[in-house]
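Undergrad: Contents are mmCIF, C-alpha atoms; file name upload-v9.cif:
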data_my_file
loop_
_atom_site.group_PDB
_atom_site.id
_atom_site.type_symbol
_atom_site.label_atom_id
_atom_site.label_comp_id
_atom_site.auth_asym_id
_atom_site.auth_seq_id
_atom_site.Cartn_x
_atom_site.Cartn_y
_atom_site.Cartn_z
ATOM 1 C CA MET A 6 -59.486 -4.530 -65.610
ATOM 2 C CA ASN A 7 -61.163 -1.167 -65.039
ATOM 3 C CA LEU A 8 -58.210 -0.055 -62.922
ATOM 4 C CA LEU A 9 -55.766 -1.045 -65.667
ATOM 5 C CA LEU A 10 -57.856 0.834 -68.231
ATOM 6 C CA GLN A 11 -57.840 3.938 -66.037
ATOM 7 C CA LYS A 12 -54.048 3.813 -65.774
ATOM 8 C CA VAL A 13 -53.688 3.483 -69.541
ATOM 9 C CA GLN A 14 -56.103 6.382 -70.100
ATOM 10 C CA LYS A 15 -54.179 8.570 -67.637
ATOM 11 C CA ARG A 16 -50.908 7.903 -69.440
ATOM 12 C CA ILE A 17 -52.469 8.695 -72.814
ATOM 13 C CA PHE A 18 -54.001 11.938 -71.538
ATOM 14 C CA LYS A 19 -50.759 12.997 -69.875
ATOM 15 C CA LYS A 20 -48.918 12.545 -73.163
ATOM 16 C CA ILE A 21 -51.594 14.528 -75.001
ATOM 17 C CA TYR A 22 -51.322 17.348 -72.466
ATOM 18 C CA GLN A 23 -47.558 17.531 -73.103
ATOM 19 C CA VAL A 24 -48.116 18.386 -76.789
ATOM 20 C CA PRO A 25 -46.919 22.049 -76.995
ATOM 21 C CA PHE A 26 -50.111 23.490 -78.506
ATOM 22 C CA VAL A 27 -52.379 21.606 -76.092
ATOM 23 C CA LYS A 28 -50.159 22.521 -73.135
ATOM 24 C CA HIS A 29 -50.212 26.195 -74.100
ATOM 25 C CA GLN A 30 -54.013 26.237 -74.362
ATOM 26 C CA ASN A 31 -54.345 24.471 -71.018
ATOM 27 C CA ASP A 32 -51.893 26.894 -69.397
ATOM 28 C CA ILE A 33 -54.068 29.795 -70.528
ATOM 29 C CA ALA A 34 -57.287 28.122 -69.325
ATOM 30 C CA TYR A 35 -55.702 27.305 -65.972
ATOM 31 C CA GLN A 36 -54.487 30.866 -65.397
ATOM 32 C CA ILE A 37 -57.906 32.263 -66.318
ATOM 33 C CA ALA A 38 -59.538 29.917 -63.787
ATOM 34 C CA VAL A 39 -57.091 30.973 -61.044
ATOM 35 C CA ASN A 40 -57.617 34.672 -61.783
ATOM 36 C CA GLN A 41 -61.399 34.306 -61.803
ATOM 37 C CA HIS A 42 -61.343 32.529 -58.447
ATOM 38 C CA LYS A 43 -59.137 35.087 -56.667
ATOM 39 C CA PRO A 44 -62.051 37.243 -55.425
ATOM 40 C CA ASN A 45 -63.639 34.106 -53.943
ATOM 41 C CA LEU A 46 -60.648 32.969 -51.896
ATOM 42 C CA PRO A 47 -61.499 32.706 -48.176
ATOM 43 C CA THR A 48 -60.139 35.216 -45.691
ATOM 44 C CA ILE A 49 -57.168 33.841 -43.761
ATOM 45 C CA SER A 50 -54.736 35.187 -41.178
ATOM 46 C CA LYS A 51 -51.382 36.796 -41.963
ATOM 47 C CA GLN A 52 -49.706 33.768 -40.380
ATOM 48 C CA ASP A 53 -51.493 31.378 -42.736
ATOM 49 C CA LEU A 54 -50.787 33.579 -45.767
ATOM 50 C CA GLU A 55 -47.082 33.403 -44.873
ATOM 51 C CA LEU A 56 -47.399 29.622 -44.577
ATOM 52 C CA VAL A 57 -48.920 29.434 -48.073
ATOM 53 C CA GLU A 58 -46.204 31.694 -49.482
ATOM 54 C CA LYS A 59 -43.545 29.459 -47.951
ATOM 55 C CA ILE A 60 -45.071 26.331 -49.520
ATOM 56 C CA ASN A 61 -45.064 28.115 -52.883
ATOM 57 C CA ASN A 62 -41.435 29.217 -52.531
ATOM 58 C CA GLU A 63 -39.818 26.317 -50.675
ATOM 59 C CA GLY A 64 -42.190 23.439 -51.413
ATOM 60 C CA VAL A 65 -42.634 22.414 -47.783
ATOM 61 C CA VAL A 66 -43.542 23.886 -44.390
ATOM 62 C CA VAL A 67 -42.965 21.976 -41.152
ATOM 63 C CA THR A 68 -45.103 22.929 -38.154
ATOM 64 C CA SER A 69 -47.029 21.077 -35.432
ATOM 65 C CA LEU A 70 -50.510 20.320 -34.180
ATOM 66 C CA ASP A 71 -49.833 22.633 -31.234
ATOM 67 C CA ASN A 72 -48.955 25.521 -33.543
ATOM 68 C CA LEU A 73 -52.036 24.946 -35.696
ATOM 69 C CA GLY A 74 -54.262 25.028 -32.624
ATOM 70 C CA ILE A 75 -57.206 23.248 -34.256
ATOM 71 C CA VAL A 76 -59.847 22.177 -31.723
ATOM 72 C CA SER A 77 -59.990 18.569 -32.932
ATOM 73 C CA ASN A 78 -56.195 18.051 -32.726
ATOM 74 C CA THR A 79 -56.418 16.122 -29.457
ATOM 75 C CA GLN A 80 -59.031 13.716 -30.831
ATOM 76 C CA LEU A 81 -56.926 13.241 -33.970
ATOM 77 C CA LEU A 82 -53.761 12.265 -32.120
ATOM 78 C CA GLN A 83 -55.559 10.086 -29.580
ATOM 79 C CA ALA A 84 -57.373 8.189 -32.337
ATOM 80 C CA ALA A 85 -54.165 7.889 -34.362
ATOM 81 C CA LYS A 86 -52.225 6.381 -31.456
ATOM 82 C CA GLN A 87 -55.002 3.906 -30.725
ATOM 83 C CA LEU A 88 -55.114 2.884 -34.370
ATOM 84 C CA ALA A 89 -51.309 2.626 -34.545
ATOM 85 C CA SER A 90 -51.338 0.109 -31.695
ATOM 86 C CA GLN A 91 -53.723 -2.088 -33.722
ATOM 87 C CA MET A 92 -51.727 -2.084 -36.975
ATOM 88 C CA LYS A 93 -49.679 -5.233 -36.500
ATOM 89 C CA PRO A 94 -47.249 -6.516 -39.150
ATOM 90 C CA ASP A 95 -48.427 -9.601 -41.001
ATOM 91 C CA ILE A 96 -46.010 -12.380 -40.058
ATOM 92 C CA ASN A 97 -47.101 -14.273 -43.170
ATOM 93 C CA SER A 98 -46.339 -11.447 -45.589
ATOM 94 C CA ASP A 99 -43.369 -11.678 -47.936
ATOM 95 C CA ASP A 100 -40.066 -9.896 -47.369
ATOM 96 C CA ASN A 101 -40.923 -7.291 -50.020
ATOM 97 C CA ASN A 102 -43.704 -5.784 -47.940
ATOM 98 C CA TYR A 103 -42.646 -2.294 -46.855
ATOM 99 C CA VAL A 104 -45.879 -0.616 -45.723
ATOM 100 C CA ILE A 105 -49.133 -1.498 -43.949
ATOM 101 C CA HIS A 106 -52.183 0.677 -44.575
ATOM 102 C CA ALA A 107 -55.063 1.000 -42.153
ATOM 103 C CA SER A 108 -58.054 -0.962 -43.414
ATOM 104 C CA LEU A 109 -61.346 0.590 -44.476
ATOM 105 C CA GLN A 110 -62.949 -0.755 -41.291
ATOM 106 C CA GLN A 111 -60.234 0.812 -39.143
ATOM 107 C CA MET A 112 -60.542 4.204 -40.845
ATOM 108 C CA LEU A 113 -64.305 4.167 -40.331
ATOM 109 C CA LYS A 114 -63.930 3.175 -36.686
ATOM 110 C CA TYR A 115 -61.601 6.143 -36.154
ATOM 111 C CA SER A 116 -63.454 8.505 -38.481
ATOM 112 C CA GLN A 117 -62.187 11.579 -36.594
ATOM 113 C CA ILE A 118 -58.897 11.038 -38.436
ATOM 114 C CA PHE A 119 -60.548 11.345 -41.857
ATOM 115 C CA LEU A 120 -62.727 14.279 -40.750
ATOM 116 C CA TRP A 121 -59.750 16.270 -39.431
ATOM 117 C CA GLY A 122 -58.738 16.813 -43.042
ATOM 118 C CA LEU A 123 -61.921 18.853 -43.542
ATOM 119 C CA GLU A 124 -61.201 21.373 -40.773
ATOM 120 C CA GLN A 125 -61.955 24.877 -42.037
ATOM 121 C CA ARG A 126 -58.479 26.277 -41.359
ATOM 122 C CA LEU A 127 -56.880 23.453 -43.355
ATOM 123 C CA LEU A 128 -59.298 23.959 -46.250
ATOM 124 C CA ASN A 129 -58.611 27.711 -46.242
ATOM 125 C CA ILE A 130 -54.848 27.194 -46.365
ATOM 126 C CA THR A 131 -55.243 24.591 -49.089
ATOM 127 C CA GLU A 132 -57.525 26.757 -51.223
ATOM 128 C CA HIS A 133 -55.073 29.655 -51.077
ATOM 129 C CA TYR A 134 -52.239 27.348 -52.092
ATOM 130 C CA LEU A 135 -54.175 25.766 -54.972
ATOM 131 C CA GLY A 136 -55.783 29.045 -56.007
ATOM 132 C CA LEU A 137 -58.929 27.093 -56.851
ATOM 133 C CA PRO A 138 -61.786 25.263 -55.056
ATOM 134 C CA VAL A 139 -60.549 22.276 -53.063
ATOM 135 C CA ALA A 140 -61.059 18.579 -53.731
ATOM 136 C CA TYR A 141 -60.400 16.475 -50.627
ATOM 137 C CA HIS A 142 -59.305 12.954 -51.526
ATOM 138 C CA GLY A 143 -59.211 11.563 -48.023
ATOM 139 C CA ALA A 144 -56.806 10.336 -45.380
ATOM 140 C CA TYR A 145 -54.357 7.440 -45.503
ATOM 141 C CA PHE A 146 -52.880 5.974 -42.330
ATOM 142 C CA ARG A 147 -49.698 4.005 -42.918
ATOM 143 C CA ARG A 148 -47.084 2.068 -41.007
ATOM 144 C CA ASP A 149 -43.773 2.010 -42.864
ATOM 145 C CA ILE A 150 -41.744 -1.059 -41.951
ATOM 146 C CA ALA A 151 -38.111 -0.589 -40.910
ATOM 147 C CA ASN A 152 -36.592 -2.901 -43.508
ATOM 148 C CA LYS A 153 -34.612 -0.384 -45.634
ATOM 149 C CA LEU A 154 -36.407 -1.446 -48.833
ATOM 150 C CA GLU A 155 -36.546 1.214 -51.552
ATOM 151 C CA LYS A 156 -39.899 0.607 -53.224
ATOM 152 C CA GLY A 157 -43.010 2.551 -54.196
ATOM 153 C CA SER A 158 -43.259 5.922 -52.458
ATOM 154 C CA ARG A 159 -39.809 5.369 -50.963
ATOM 155 C CA LEU A 160 -38.479 6.140 -54.427
ATOM 156 C CA TRP A 161 -38.189 9.743 -55.603
ATOM 157 C CA HIS A 162 -41.204 11.094 -57.471
ATOM 158 C CA ILE A 163 -43.423 14.098 -58.176
ATOM 159 C CA ASP A 164 -47.156 13.618 -57.679
ATOM 160 C CA PRO A 165 -48.826 13.818 -61.107
ATOM 161 C CA GLU A 166 -52.474 14.155 -60.066
ATOM 162 C CA ASP A 167 -52.832 17.872 -60.755
ATOM 163 C CA ARG A 168 -50.841 21.022 -61.498
ATOM 164 C CA LYS A 169 -50.733 21.672 -57.771
ATOM 165 C CA VAL A 170 -51.079 18.921 -55.187
ATOM 166 C CA LEU A 171 -51.038 19.476 -51.432
ATOM 167 C CA LYS A 172 -50.406 16.787 -48.873
ATOM 168 C CA ILE A 173 -50.666 17.398 -45.157
ATOM 169 C CA ILE A 174 -48.633 14.798 -43.277
ATOM 170 C CA VAL A 175 -48.958 14.147 -39.554
ATOM 171 C CA TYR A 176 -46.315 12.163 -37.668
ATOM 172 C CA VAL A 177 -47.955 9.839 -35.163
ATOM 173 C CA ASN A 178 -44.663 8.759 -33.574
ATOM 174 C CA ASP A 179 -41.342 10.595 -33.226
ATOM 175 C CA VAL A 180 -39.406 10.543 -36.502
ATOM 176 C CA THR A 181 -35.632 10.991 -36.566
ATOM 177 C CA GLU A 182 -33.262 10.820 -39.537
ATOM 178 C CA ASN A 183 -33.104 7.031 -39.164
ATOM 179 C CA GLN A 184 -36.853 6.517 -38.747
ATOM 180 C CA GLY A 185 -38.010 7.274 -42.273
ATOM 181 C CA PRO A 186 -38.558 11.042 -42.452
ATOM 182 C CA PHE A 187 -40.371 12.648 -45.363
ATOM 183 C CA GLN A 188 -37.618 13.915 -47.668
ATOM 184 C CA TYR A 189 -37.788 16.450 -50.470
ATOM 185 C CA ILE A 190 -35.645 18.374 -52.911
ATOM 186 C CA SER A 191 -36.034 22.140 -53.330
ATOM 187 C CA PRO A 192 -38.149 23.426 -56.262
ATOM 188 C CA SER A 193 -35.113 24.855 -58.084
ATOM 189 C CA LEU A 194 -33.155 21.594 -57.860
ATOM 190 C CA THR A 195 -36.289 19.639 -58.741
ATOM 191 C CA LEU A 196 -36.479 21.610 -61.989
ATOM 192 C CA GLN A 197 -32.825 20.826 -62.649
ATOM 193 C CA ILE A 198 -33.449 17.090 -62.172
ATOM 194 C CA VAL A 199 -36.568 17.172 -64.359
ATOM 195 C CA GLN A 200 -34.568 18.757 -67.170
ATOM 196 C CA SER A 201 -31.518 16.499 -66.752
ATOM 197 C CA LEU A 202 -33.499 13.255 -66.644
ATOM 198 C CA LYS A 203 -36.263 14.425 -69.012
ATOM 199 C CA TYR A 204 -38.644 13.354 -66.261
ATOM 200 C CA THR A 205 -42.394 13.252 -66.903
ATOM 201 C CA TYR A 206 -43.791 10.979 -64.167
ATOM 202 C CA GLY A 207 -43.030 7.801 -62.243
ATOM 203 C CA TYR A 208 -40.595 6.614 -59.558
ATOM 204 C CA ILE A 209 -36.834 7.198 -59.694
ATOM 205 C CA PRO A 210 -34.249 5.214 -57.665
ATOM 206 C CA ASN A 211 -32.042 7.112 -55.253
ATOM 207 C CA GLN A 212 -28.940 6.123 -57.224
ATOM 208 C CA THR A 213 -30.292 7.838 -60.336
ATOM 209 C CA ILE A 214 -31.039 11.076 -58.458
ATOM 210 C CA GLN A 215 -27.501 11.073 -57.039
ATOM 211 C CA LYS A 216 -26.105 11.187 -60.568
ATOM 212 C CA VAL A 217 -27.670 14.638 -60.920
ATOM 213 C CA ILE A 218 -27.382 16.169 -57.437
ATOM 214 C CA SER A 219 -25.580 15.386 -54.196
ATOM 215 C CA PRO A 220 -27.490 13.766 -51.285
ATOM 216 C CA THR A 221 -26.408 16.792 -49.228
ATOM 217 C CA ASN A 222 -29.221 18.612 -51.024
ATOM 218 C CA TYR A 223 -31.894 16.278 -49.620
ATOM 219 C CA LYS A 224 -34.053 17.935 -46.983
ATOM 220 C CA SER A 225 -35.352 15.656 -44.209
ATOM 221 C CA CYS A 226 -38.433 16.565 -42.186
ATOM 222 C CA THR A 227 -37.769 15.165 -38.721
ATOM 223 C CA GLY A 228 -39.938 15.844 -35.690
ATOM 224 C CA ASN A 229 -41.800 14.595 -32.660
ATOM 225 C CA SER A 230 -45.227 13.027 -32.559
ATOM 226 C CA GLY A 231 -47.687 15.713 -33.676
ATOM 227 C CA THR A 232 -45.365 17.207 -36.282
ATOM 228 C CA VAL A 233 -47.335 18.476 -39.309
ATOM 229 C CA ILE A 234 -45.873 18.851 -42.795
ATOM 230 C CA PHE A 235 -47.513 20.868 -45.585
ATOM 231 C CA ALA A 236 -45.974 19.645 -48.838
ATOM 232 C CA GLY A 237 -46.639 20.842 -52.379
ATOM 233 C CA THR A 238 -45.891 17.397 -53.744
ATOM 234 C CA GLY A 239 -46.848 18.256 -57.323
ATOM 235 C CA SER A 240 -43.887 20.654 -57.525
ATOM 236 C CA ILE A 241 -41.022 18.871 -55.742
ATOM 237 C CA PHE A 242 -39.249 15.549 -55.855
ATOM 238 C CA HIS A 243 -39.987 13.773 -52.601
ATOM 239 C CA ARG A 244 -39.996 10.364 -50.962
ATOM 240 C CA GLY A 245 -40.352 8.618 -47.639
ATOM 241 C CA LYS A 246 -36.796 7.760 -46.612
ATOM 242 C CA PRO A 247 -36.678 4.018 -45.781
ATOM 243 C CA PRO A 248 -36.826 3.606 -41.967
ATOM 244 C CA GLU A 249 -33.841 1.830 -40.461
ATOM 245 C CA ILE A 250 -34.238 1.528 -36.696
ATOM 246 C CA SER A 251 -38.015 1.476 -36.109
ATOM 247 C CA ASP A 252 -41.315 1.680 -37.997
ATOM 248 C CA ARG A 253 -42.794 5.036 -38.937
ATOM 249 C CA PHE A 254 -46.500 5.844 -38.399
ATOM 250 C CA THR A 255 -47.961 8.688 -40.464
ATOM 251 C CA ILE A 256 -51.265 10.062 -41.740
ATOM 252 C CA PHE A 257 -51.465 11.600 -45.220
ATOM 253 C CA PHE A 258 -54.271 13.994 -46.144
ATOM 254 C CA ASP A 259 -54.545 14.551 -49.920
ATOM 255 C CA TYR A 260 -55.869 17.596 -51.816
ATOM 256 C CA THR A 261 -56.067 18.880 -55.391
ATOM 257 C CA SER A 262 -58.242 21.381 -57.222
ATOM 258 C CA ARG A 263 -61.579 20.374 -58.748
ATOM 259 C CA ARG A 264 -60.587 21.174 -62.320
ATOM 260 C CA LYS A 265 -61.747 18.423 -64.652
ATOM 261 C CA LYS A 266 -58.941 18.912 -67.169
ATOM 262 C CA GLU A 267 -55.518 17.583 -66.178
ATOM 263 C CA LEU A 268 -56.936 16.091 -62.989
ATOM 264 C CA PHE A 269 -55.593 12.560 -62.724
ATOM 265 C CA TYR A 270 -57.065 11.675 -59.357
ATOM 266 C CA ILE A 271 -60.447 9.986 -59.389
ATOM 267 C CA ASN A 272 -61.248 8.208 -56.135
ATOM 268 C CA ASN A 273 -61.624 9.085 -52.483
ATOM 269 C CA SER A 274 -60.003 6.947 -49.804
ATOM 270 C CA LEU A 275 -63.478 5.876 -48.597
ATOM 271 C CA PRO A 276 -66.484 4.492 -50.531
ATOM 272 C CA TYR A 277 -69.290 6.876 -51.463
ATOM 273 C CA GLN A 278 -71.879 5.340 -49.119
ATOM 274 C CA ASP A 279 -69.522 5.712 -46.161
ATOM 275 C CA LEU A 280 -68.820 9.309 -47.128
ATOM 276 C CA LEU A 281 -72.559 10.015 -47.048
ATOM 277 C CA LYS A 282 -72.761 8.718 -43.469
ATOM 278 C CA LEU A 283 -69.727 10.705 -42.336
ATOM 279 C CA SER A 284 -70.958 13.919 -43.961
ATOM 280 C CA GLN A 285 -74.227 14.267 -42.063
ATOM 281 C CA ASN A 286 -72.937 17.003 -39.727
ATOM 282 C CA LEU A 287 -70.619 18.750 -42.177
ATOM 283 C CA SER A 288 -71.024 22.276 -43.517
ATOM 284 C CA VAL A 289 -71.986 22.960 -47.131
ATOM 285 C CA ARG A 290 -68.404 23.863 -47.989
ATOM 286 C CA GLN A 291 -67.009 20.719 -46.384
ATOM 287 C CA LYS A 292 -69.472 18.608 -48.354
ATOM 288 C CA GLN A 293 -68.445 20.360 -51.568
ATOM 289 C CA CYS A 294 -64.786 19.522 -50.880
ATOM 290 C CA LEU A 295 -65.707 15.940 -50.017
ATOM 291 C CA PHE A 296 -68.083 15.290 -52.927
ATOM 292 C CA TRP A 297 -65.934 17.376 -55.262
ATOM 293 C CA GLN A 298 -66.782 15.356 -58.376
ATOM 294 C CA GLU A 299 -70.278 16.857 -58.224
ATOM 295 C CA TYR A 300 -68.761 20.368 -58.316
ATOM 296 C CA LEU A 301 -66.099 20.030 -61.021
ATOM 297 C CA GLU A 302 -64.879 23.303 -62.464
#
Could the structure of this file be written out as structure tokens, please?
TA:
Amino acid sequence: MNLLLQKVQKRIFKKIYQVPFVKHQNDIAYQIAVNQHKPNLPTISKQDLELVEKINNEGVVVTSLDNLGIVSNTQLLQAAKQLASQMKPDINSDDNNYVIHASLQQMLKYSQIFLWGLEQRLLNITEHYLGLPVAYHGAYFRRDIANKLEKGSRLWHIDPEDRKVLKIIVYVNDVTENQGPFQYISPSLTLQIVQSLKYTYGYIPNQTIQKVISPTNYKSCTGNSGTVIFAGTGSIFHRGKPPEISDRFTIFFDYTSRRKKELFYINNSLPYQDLLKLSQNLSVRQKQCLFWQEYLE
């Protein structure tokens, strides 16, 4: 019942924030917050600044664990492959099941997966993209079943949690065009679709999108195991293309700002008590990103 109430409240608030006067006031407050935080942005390399600029302009950047060169990359991929081997399809599940998520117990057993999302370089990139202090919402390990179903996140959508949302996606297995790649539509075409369909939020079937633009405009992110995708999912239509020939294994790391207003994302992927245990060896900044609700702007 609480979950249903939260969903209703989110919808009400989103409608309120679309009222022209309210939206204008929030736009001003948001820009002031971004400008005030600029002097506090962390120092990052020219390469990472270019990466951030590309996310802003194109919506997505595709790279790899090797290119990122983060020390814990090896542990991440090893843990992910071990976990993938343990995520068996439920033979008793109905035919409408299209995804299996790693359980809480599995994510805690392979906690290096969750903790990778708090690596300093990733937080620096994310903070520059958001322009504000980072809220880390956790990691989600999923196995997408190759059954061609178009449901849930396999439908086109824009993430509504915040003005800017960043997802870092890691491919655990090789992903070709027929193995369910992450797909997106450029920011300019996304705006065209939003205007044509009067879109506010929610999932849109592929057939509906094709009435506005041609599928030739879809961009598929294919790549080998270890491919990393930085996606500004609050600014582009995107989906997971339904896998056809084999299951897809991916990890999603989710980030928004810590602004209280217009933030429609409440929970972390792990319970608070488990976060406390995992955070014992983290830096102050990492803890602030993890326990972001205690540091709301």
Undergrad: Given the file above and the PyMOL selection byres ((chain A and resi 132) around 12), which residues are selected, and can you give them as a PyMOL selection string?
TA: chain A and resi 39+42-43+45-49+53-54+57+123+125-131+133-141+169-171+260-263+290+294
Undergrad: Compare A:Thr255, A:Gln36, A:Asn273, A:Thr238 by their minimum atom-to-atom distance to Asp179 of chain A, counting only C-alpha atoms, and give me the closest one.
TA: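 Answer, going by the shortest atom-to-atom distance: A:Thr255.
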Undergrad: Which residue is closest to Thr68 of chain A? Choose from A:Leu56, A:Ile209, A:Ile214, A:Phe146 and count only C-alpha atoms.
TA: A:Leu56
Undergrad: Quick check on the file I pasted: which residues fall under the PyMOL selection byres ((chain A and resi 274-283) around 10)? Write them as a PyMOL selection string.
TA: chain A and resi 109-110+112-113+116-117+119-120+141-145+258-259+272-273+284-287+292+295-296
Undergrad: If I take atom CA of Asp164 of chain A and atom CA of Phe242 of chain A, how far is one from the other in Å, to one decimal?
TA: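 Calculated distance between atom CA of Asp164 of chain A and atom CA of Phe242 of chain A is 8.3 Å.
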Undergrad: Quick one: apply the PyMOL selection byres ((chain A and resi 218-232) around 7) to the file and drop the selected residues here as number ranges by chain.
TA: A: 68-70, 175-182, 186-190, 214-217, 233-234
Undergrad: Hey, can you check how far atom CA of Lys59 of chain A sits from atom CA of Arg159 of chain A?
TA: 24.6 Å
Undergrad: Please indicate the distance in Å from atom CA of Ala85 of chain A to atom CA of Trp297 of chain A, rounded to one decimal place.
TA: 25.8 Å
